[in-house]
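Inspection log for the structure reproduced underneath, given as structure tokens.
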Amino acid sequence: MPRSAEAADGQSRGSRVGASRIVPMRRILVLVALVLAGLAVLLLSWPQVLGAQRLIGVAQLIAFRALLAIGLGALALLAGVVALLGSRRRGRPEPVLSLGLAVLLALGAILNCAVLMARGSSSGAAQGDLVVMAWNAQGGATSPATIARVAAESGADVVSLPETDEEAAAEVARLLSERGIVMTPHTVRAEGAYDWIPTSVLIADDVGAYDLDTSAGSTPGLPSGLWRRTAGTGPEAIVAAHPMPPLPDSMDGWEAGLRWVAEVCRSSGPDVVIAGDFNATVDHMTDLMDDCGDAALEAGGAASGTWPADAPSWISSPIDHVLLGSAWTAKGVRVLDGDPGGSDHRPIVAVLGRQ
């Protein structure tokens with residue numbers, strides 16, 4: 001064989017060997033990419049498996065499961081189209097990668113939808129022993145007259161009002177008294193940078209008399225308070241809660257606030273009710289609330305969002321809650337979809353019964 005032919009044959013064999021090595025490497029890269037994509041989908045569908053529900057980025061995305069499901073579904077459709085268009089190119093890894101991504105993303109969308117459906121979006125009216133309303137009034141954006149009207153129409157015995165000061169709470173109590181509903185207002189303020197964002201609670205005199213337990217402390221930053229019963233037949237402890245929001249520079253304070261709520265649940269015993277703006281969904285709190293249940297989750301209405309109020313409730317994030325100790329059971333929970341009265345939150349109303 002001539003030298004030139006031998007050289008050409010050697011180059012051809014070398015090219016085939018090189019190509020045979022490249023193809024397995026591409027397949028490995030595709031497999032790695034799909035594994036990483038599967039992990040990402042798991043984080044966005046059920047991050048509790050990996051303990052990542054309060055991890056920055058994940059925490060913010062899972063707060064809006066409906067939007068997350070829509071986004072994952074759209075990406076799955078796009079990946080499916082790419083896989084279909086690339087299916088004619090045999091021997092190429094791109095269609096396999098696109099098809100795998102389409103399946104994983106579609107699975108993530110389905111899982112998020114399944115979680116929302118399991119949690120429920122509505123809960124009918126019910127009768128019970130205690131009616132609790134929580135409404136972040138957004139620093140006076142909601143007038144005392146509106147708060148009093150909604151509280152009276154809901155038959156509330158306890159009204160938790162984050163971002164409501166002493167004057168507004170007193171005015172709500174006065175307006176309710178004109179309707180024959182006698183409630184006592186209480187307010188706590190934070191020290192430092194957030195002293196201008198108080199938290200108030202109104203408790204019906206028929207429920208009992210309550211004093212602030214200063215030894216219980218508060219959530220960091222934004223204020224929360226625990227009131228203990230001194231007379232009456234209501235819950236032994238009532239808490240108005242307002243942890244920090246999970247912003248990039250306040251993640252530690254946000255988690256510390258949720259842990260404070262969990263400790264209050266544990267230390268107050270079974271006869272405790274906690275209501276307010278938690279800046280967290282049940283996803284963020286599942287591993288913390290061993291001693292308290294979420295009323296909306298128990299009643300089958302935990303998918304209805306409360307913030308922001310200018311978005312439909314099925315898209316909004318359910319960050320306002322009523323929690324209850326084991327001495328209580330949830331009979332029904334409603335997120336009020338009417339006019340939010342200027343606030344960026346919807347009010348949530350829970351009907352509780354004694355166990």
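Here, A, B, ... name the chains of the structure tokens in the order displayed, residue numbers run from 1 inside each chain, and ligands are numbered from 1 in the same displayed order.
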Name all residues at most 10 Å from Val30 (chain A) (count only C-alpha atoms; drop same-chain ones fewer than 5 positions away) and give them as a ChimeraX atom specification. /A:24-25,35-36,93-94,96-98,100
Per residue of region 151-191 of chain A within 10 Å of region 342-347 of chain A, note the shortest atom pair and the distance in Å to one decimal, counting only C-alpha atoms, and order the rows by chain and increasing residue number, as JSON lines.
```
{"residue": "A:Ala151", "atom": "CA", "partner": "A:Pro347", "partner_atom": "CA", "distance": 9.5}
{"residue": "A:Val159", "atom": "CA", "partner": "A:Pro347", "partner_atom": "CA", "distance": 10.0}
{"residue": "A:Ser160", "atom": "CA", "partner": "A:Pro347", "partner_atom": "CA", "distance": 9.8}
{"residue": "A:Leu161", "atom": "CA", "partner": "A:Pro347", "partner_atom": "CA", "distance": 9.6}
```
Using only C-alpha atoms, what table do you get, as a tab-separated table, when you list each residue of region 77-161 of chain A with an atom no more than 7 Å from region 291-308 of chain A, its nearest pair of atoms, and their distance in Å rounded to one decimal, rows by chain then rising number?
```
residue	atom	partner	partner_atom	distance
A:Leu116	CA	A:Ala303	CA	5.5
A:Arg119	CA	A:Ala302	CA	5.1
A:Gly120	CA	A:Gly301	CA	4.5
A:Ser121	CA	A:Gly301	CA	4.6
A:Ser122	CA	A:Gly301	CA	4.6
A:Ser123	CA	A:Gly301	CA	5.4
```
For region 139-148 of chain A: contacts at 6 Å, only C-alpha atoms, fewer than 6 positions along chain excluded, given as a list of chain:residue names: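 Residues meeting the cut-off are A:Glu163, A:Thr164, A:Ala168, A:Val172, A:Leu176, A:Gly341, A:Gly342, A:Ser343.
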Write the residues you've just listed into a file as a PDB file, in the first residue's frame, and include N, CA, C and O atoms for each of them.
```pdb
ATOM      1  N   GLU A 163     -49.291  46.054  61.292  1.00  0.00           N
ATOM      2  CA  GLU A 163     -49.169  47.387  60.695  1.00  0.00           C
ATOM      3  C   GLU A 163     -50.372  48.268  61.027  1.00  0.00           C
ATOM      4  O   GLU A 163     -50.867  49.028  60.188  1.00  0.00           O
ATOM      5  N   THR A 164     -50.823  48.181  62.275  1.00  0.00           N
ATOM      6  CA  THR A 164     -51.923  49.017  62.766  1.00  0.00           C
ATOM      7  C   THR A 164     -51.510  49.598  64.113  1.00  0.00           C
ATOM      8  O   THR A 164     -51.121  48.852  65.016  1.00  0.00           O
ATOM      9  N   ALA A 168     -55.455  53.741  65.562  1.00  0.00           N
ATOM     10  CA  ALA A 168     -56.342  53.033  64.632  1.00  0.00           C
ATOM     11  C   ALA A 168     -57.054  51.886  65.333  1.00  0.00           C
ATOM     12  O   ALA A 168     -58.254  51.668  65.121  1.00  0.00           O
ATOM     13  N   VAL A 172     -61.058  51.381  65.766  1.00  0.00           N
ATOM     14  CA  VAL A 172     -61.787  50.173  65.371  1.00  0.00           C
ATOM     15  C   VAL A 172     -62.652  49.683  66.531  1.00  0.00           C
ATOM     16  O   VAL A 172     -63.828  49.333  66.348  1.00  0.00           O
ATOM     17  N   LEU A 176     -66.730  49.415  66.578  1.00  0.00           N
ATOM     18  CA  LEU A 176     -67.385  48.136  66.871  1.00  0.00           C
ATOM     19  C   LEU A 176     -68.348  48.264  68.045  1.00  0.00           C
ATOM     20  O   LEU A 176     -69.417  47.630  68.067  1.00  0.00           O
ATOM     21  N   GLY A 341     -59.850  47.349  50.748  1.00  0.00           N
ATOM     22  CA  GLY A 341     -59.879  48.581  51.521  1.00  0.00           C
ATOM     23  C   GLY A 341     -58.591  49.371  51.492  1.00  0.00           C
ATOM     24  O   GLY A 341     -58.307  50.141  52.408  1.00  0.00           O
ATOM     25  N   GLY A 342     -57.771  49.184  50.466  1.00  0.00           N
ATOM     26  CA  GLY A 342     -56.529  49.924  50.360  1.00  0.00           C
ATOM     27  C   GLY A 342     -55.306  49.120  50.738  1.00  0.00           C
ATOM     28  O   GLY A 342     -54.182  49.480  50.379  1.00  0.00           O
ATOM     29  N   SER A 343     -55.462  48.043  51.461  1.00  0.00           N
ATOM     30  CA  SER A 343     -54.326  47.219  51.855  1.00  0.00           C
ATOM     31  C   SER A 343     -53.862  46.346  50.692  1.00  0.00           C
ATOM     32  O   SER A 343     -54.624  46.064  49.771  1.00  0.00           O
TER      33      SER A 343
END
```
Do a neighbour search on region 179-191 of chain A at 6 Å with only C-alpha atoms, toss out local chain neighbours closer than 2 positions, and write the hits as an MDAnalysis selection string. chainID A and resid 166 169 173 176:177 194:195 198:205 223
So that I have them on file, write out the residues from the current selection with N, CA, C and O atoms, as a PDB file, in the first residue's frame.
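The result, written out as result12.pdb:
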```pdb
ATOM      1  N   GLU A 166     -51.849  52.262  67.669  1.00  0.00           N
ATOM      2  CA  GLU A 166     -52.749  52.339  68.819  1.00  0.00           C
ATOM      3  C   GLU A 166     -54.010  53.147  68.498  1.00  0.00           C
ATOM      4  O   GLU A 166     -55.127  52.745  68.878  1.00  0.00           O
ATOM      5  N   ALA A 169     -56.321  51.140  66.168  1.00  0.00           N
ATOM      6  CA  ALA A 169     -56.934  50.017  66.889  1.00  0.00           C
ATOM      7  C   ALA A 169     -58.023  50.512  67.829  1.00  0.00           C
ATOM      8  O   ALA A 169     -59.105  49.895  67.936  1.00  0.00           O
ATOM      9  N   ALA A 173     -62.079  49.663  67.734  1.00  0.00           N
ATOM     10  CA  ALA A 173     -62.834  49.228  68.920  1.00  0.00           C
ATOM     11  C   ALA A 173     -64.032  50.141  69.160  1.00  0.00           C
ATOM     12  O   ALA A 173     -65.130  49.671  69.502  1.00  0.00           O
ATOM     13  N   LEU A 176     -66.730  49.415  66.578  1.00  0.00           N
ATOM     14  CA  LEU A 176     -67.385  48.136  66.871  1.00  0.00           C
ATOM     15  C   LEU A 176     -68.348  48.264  68.045  1.00  0.00           C
ATOM     16  O   LEU A 176     -69.417  47.630  68.067  1.00  0.00           O
ATOM     17  N   SER A 177     -67.968  49.084  69.021  1.00  0.00           N
ATOM     18  CA  SER A 177     -68.850  49.258  70.182  1.00  0.00           C
ATOM     19  C   SER A 177     -70.175  49.889  69.773  1.00  0.00           C
ATOM     20  O   SER A 177     -71.216  49.632  70.399  1.00  0.00           O
ATOM     21  N   TYR A 194     -37.737  49.610  63.168  1.00  0.00           N
ATOM     22  CA  TYR A 194     -39.109  49.268  62.803  1.00  0.00           C
ATOM     23  C   TYR A 194     -40.126  49.715  63.852  1.00  0.00           C
ATOM     24  O   TYR A 194     -41.244  49.194  63.899  1.00  0.00           O
ATOM     25  N   ASP A 195     -39.770  50.711  64.679  1.00  0.00           N
ATOM     26  CA  ASP A 195     -40.685  51.144  65.723  1.00  0.00           C
ATOM     27  C   ASP A 195     -41.920  51.849  65.172  1.00  0.00           C
ATOM     28  O   ASP A 195     -42.892  52.067  65.880  1.00  0.00           O
ATOM     29  N   PRO A 198     -46.198  49.105  64.067  1.00  0.00           N
ATOM     30  CA  PRO A 198     -46.709  48.339  65.210  1.00  0.00           C
ATOM     31  C   PRO A 198     -47.598  47.178  64.782  1.00  0.00           C
ATOM     32  O   PRO A 198     -47.956  47.037  63.610  1.00  0.00           O
ATOM     33  N   THR A 199     -47.935  46.351  65.730  1.00  0.00           N
ATOM     34  CA  THR A 199     -48.891  45.255  65.539  1.00  0.00           C
ATOM     35  C   THR A 199     -49.942  45.354  66.627  1.00  0.00           C
ATOM     36  O   THR A 199     -49.613  45.483  67.816  1.00  0.00           O
ATOM     37  N   SER A 200     -51.205  45.299  66.238  1.00  0.00           N
ATOM     38  CA  SER A 200     -52.304  45.398  67.203  1.00  0.00           C
ATOM     39  C   SER A 200     -53.174  44.155  67.154  1.00  0.00           C
ATOM     40  O   SER A 200     -53.158  43.399  66.170  1.00  0.00           O
ATOM     41  N   VAL A 201     -53.924  43.968  68.210  1.00  0.00           N
ATOM     42  CA  VAL A 201     -54.916  42.891  68.261  1.00  0.00           C
ATOM     43  C   VAL A 201     -56.107  43.383  69.068  1.00  0.00           C
ATOM     44  O   VAL A 201     -55.948  44.140  70.041  1.00  0.00           O
ATOM     45  N   LEU A 202     -57.293  43.026  68.626  1.00  0.00           N
ATOM     46  CA  LEU A 202     -58.515  43.324  69.371  1.00  0.00           C
ATOM     47  C   LEU A 202     -59.123  42.004  69.820  1.00  0.00           C
ATOM     48  O   LEU A 202     -59.257  41.074  69.015  1.00  0.00           O
ATOM     49  N   ILE A 203     -59.492  41.933  71.095  1.00  0.00           N
ATOM     50  CA  ILE A 203     -60.050  40.709  71.665  1.00  0.00           C
ATOM     51  C   ILE A 203     -61.398  41.045  72.299  1.00  0.00           C
ATOM     52  O   ILE A 203     -61.488  41.973  73.124  1.00  0.00           O
ATOM     53  N   ALA A 204     -62.424  40.318  71.918  1.00  0.00           N
ATOM     54  CA  ALA A 204     -63.763  40.560  72.455  1.00  0.00           C
ATOM     55  C   ALA A 204     -63.782  40.335  73.960  1.00  0.00           C
ATOM     56  O   ALA A 204     -63.192  39.362  74.459  1.00  0.00           O
ATOM     57  N   ASP A 205     -64.447  41.231  74.666  1.00  0.00           N
ATOM     58  CA  ASP A 205     -64.537  41.082  76.114  1.00  0.00           C
ATOM     59  C   ASP A 205     -65.259  39.798  76.497  1.00  0.00           C
ATOM     60  O   ASP A 205     -65.014  39.237  77.578  1.00  0.00           O
ATOM     61  N   PRO A 223     -42.748  43.700  64.945  1.00  0.00           N
ATOM     62  CA  PRO A 223     -43.168  43.234  66.266  1.00  0.00           C
ATOM     63  C   PRO A 223     -44.278  42.193  66.241  1.00  0.00           C
ATOM     64  O   PRO A 223     -45.173  42.218  65.391  1.00  0.00           O
TER      65      PRO A 223
END
```
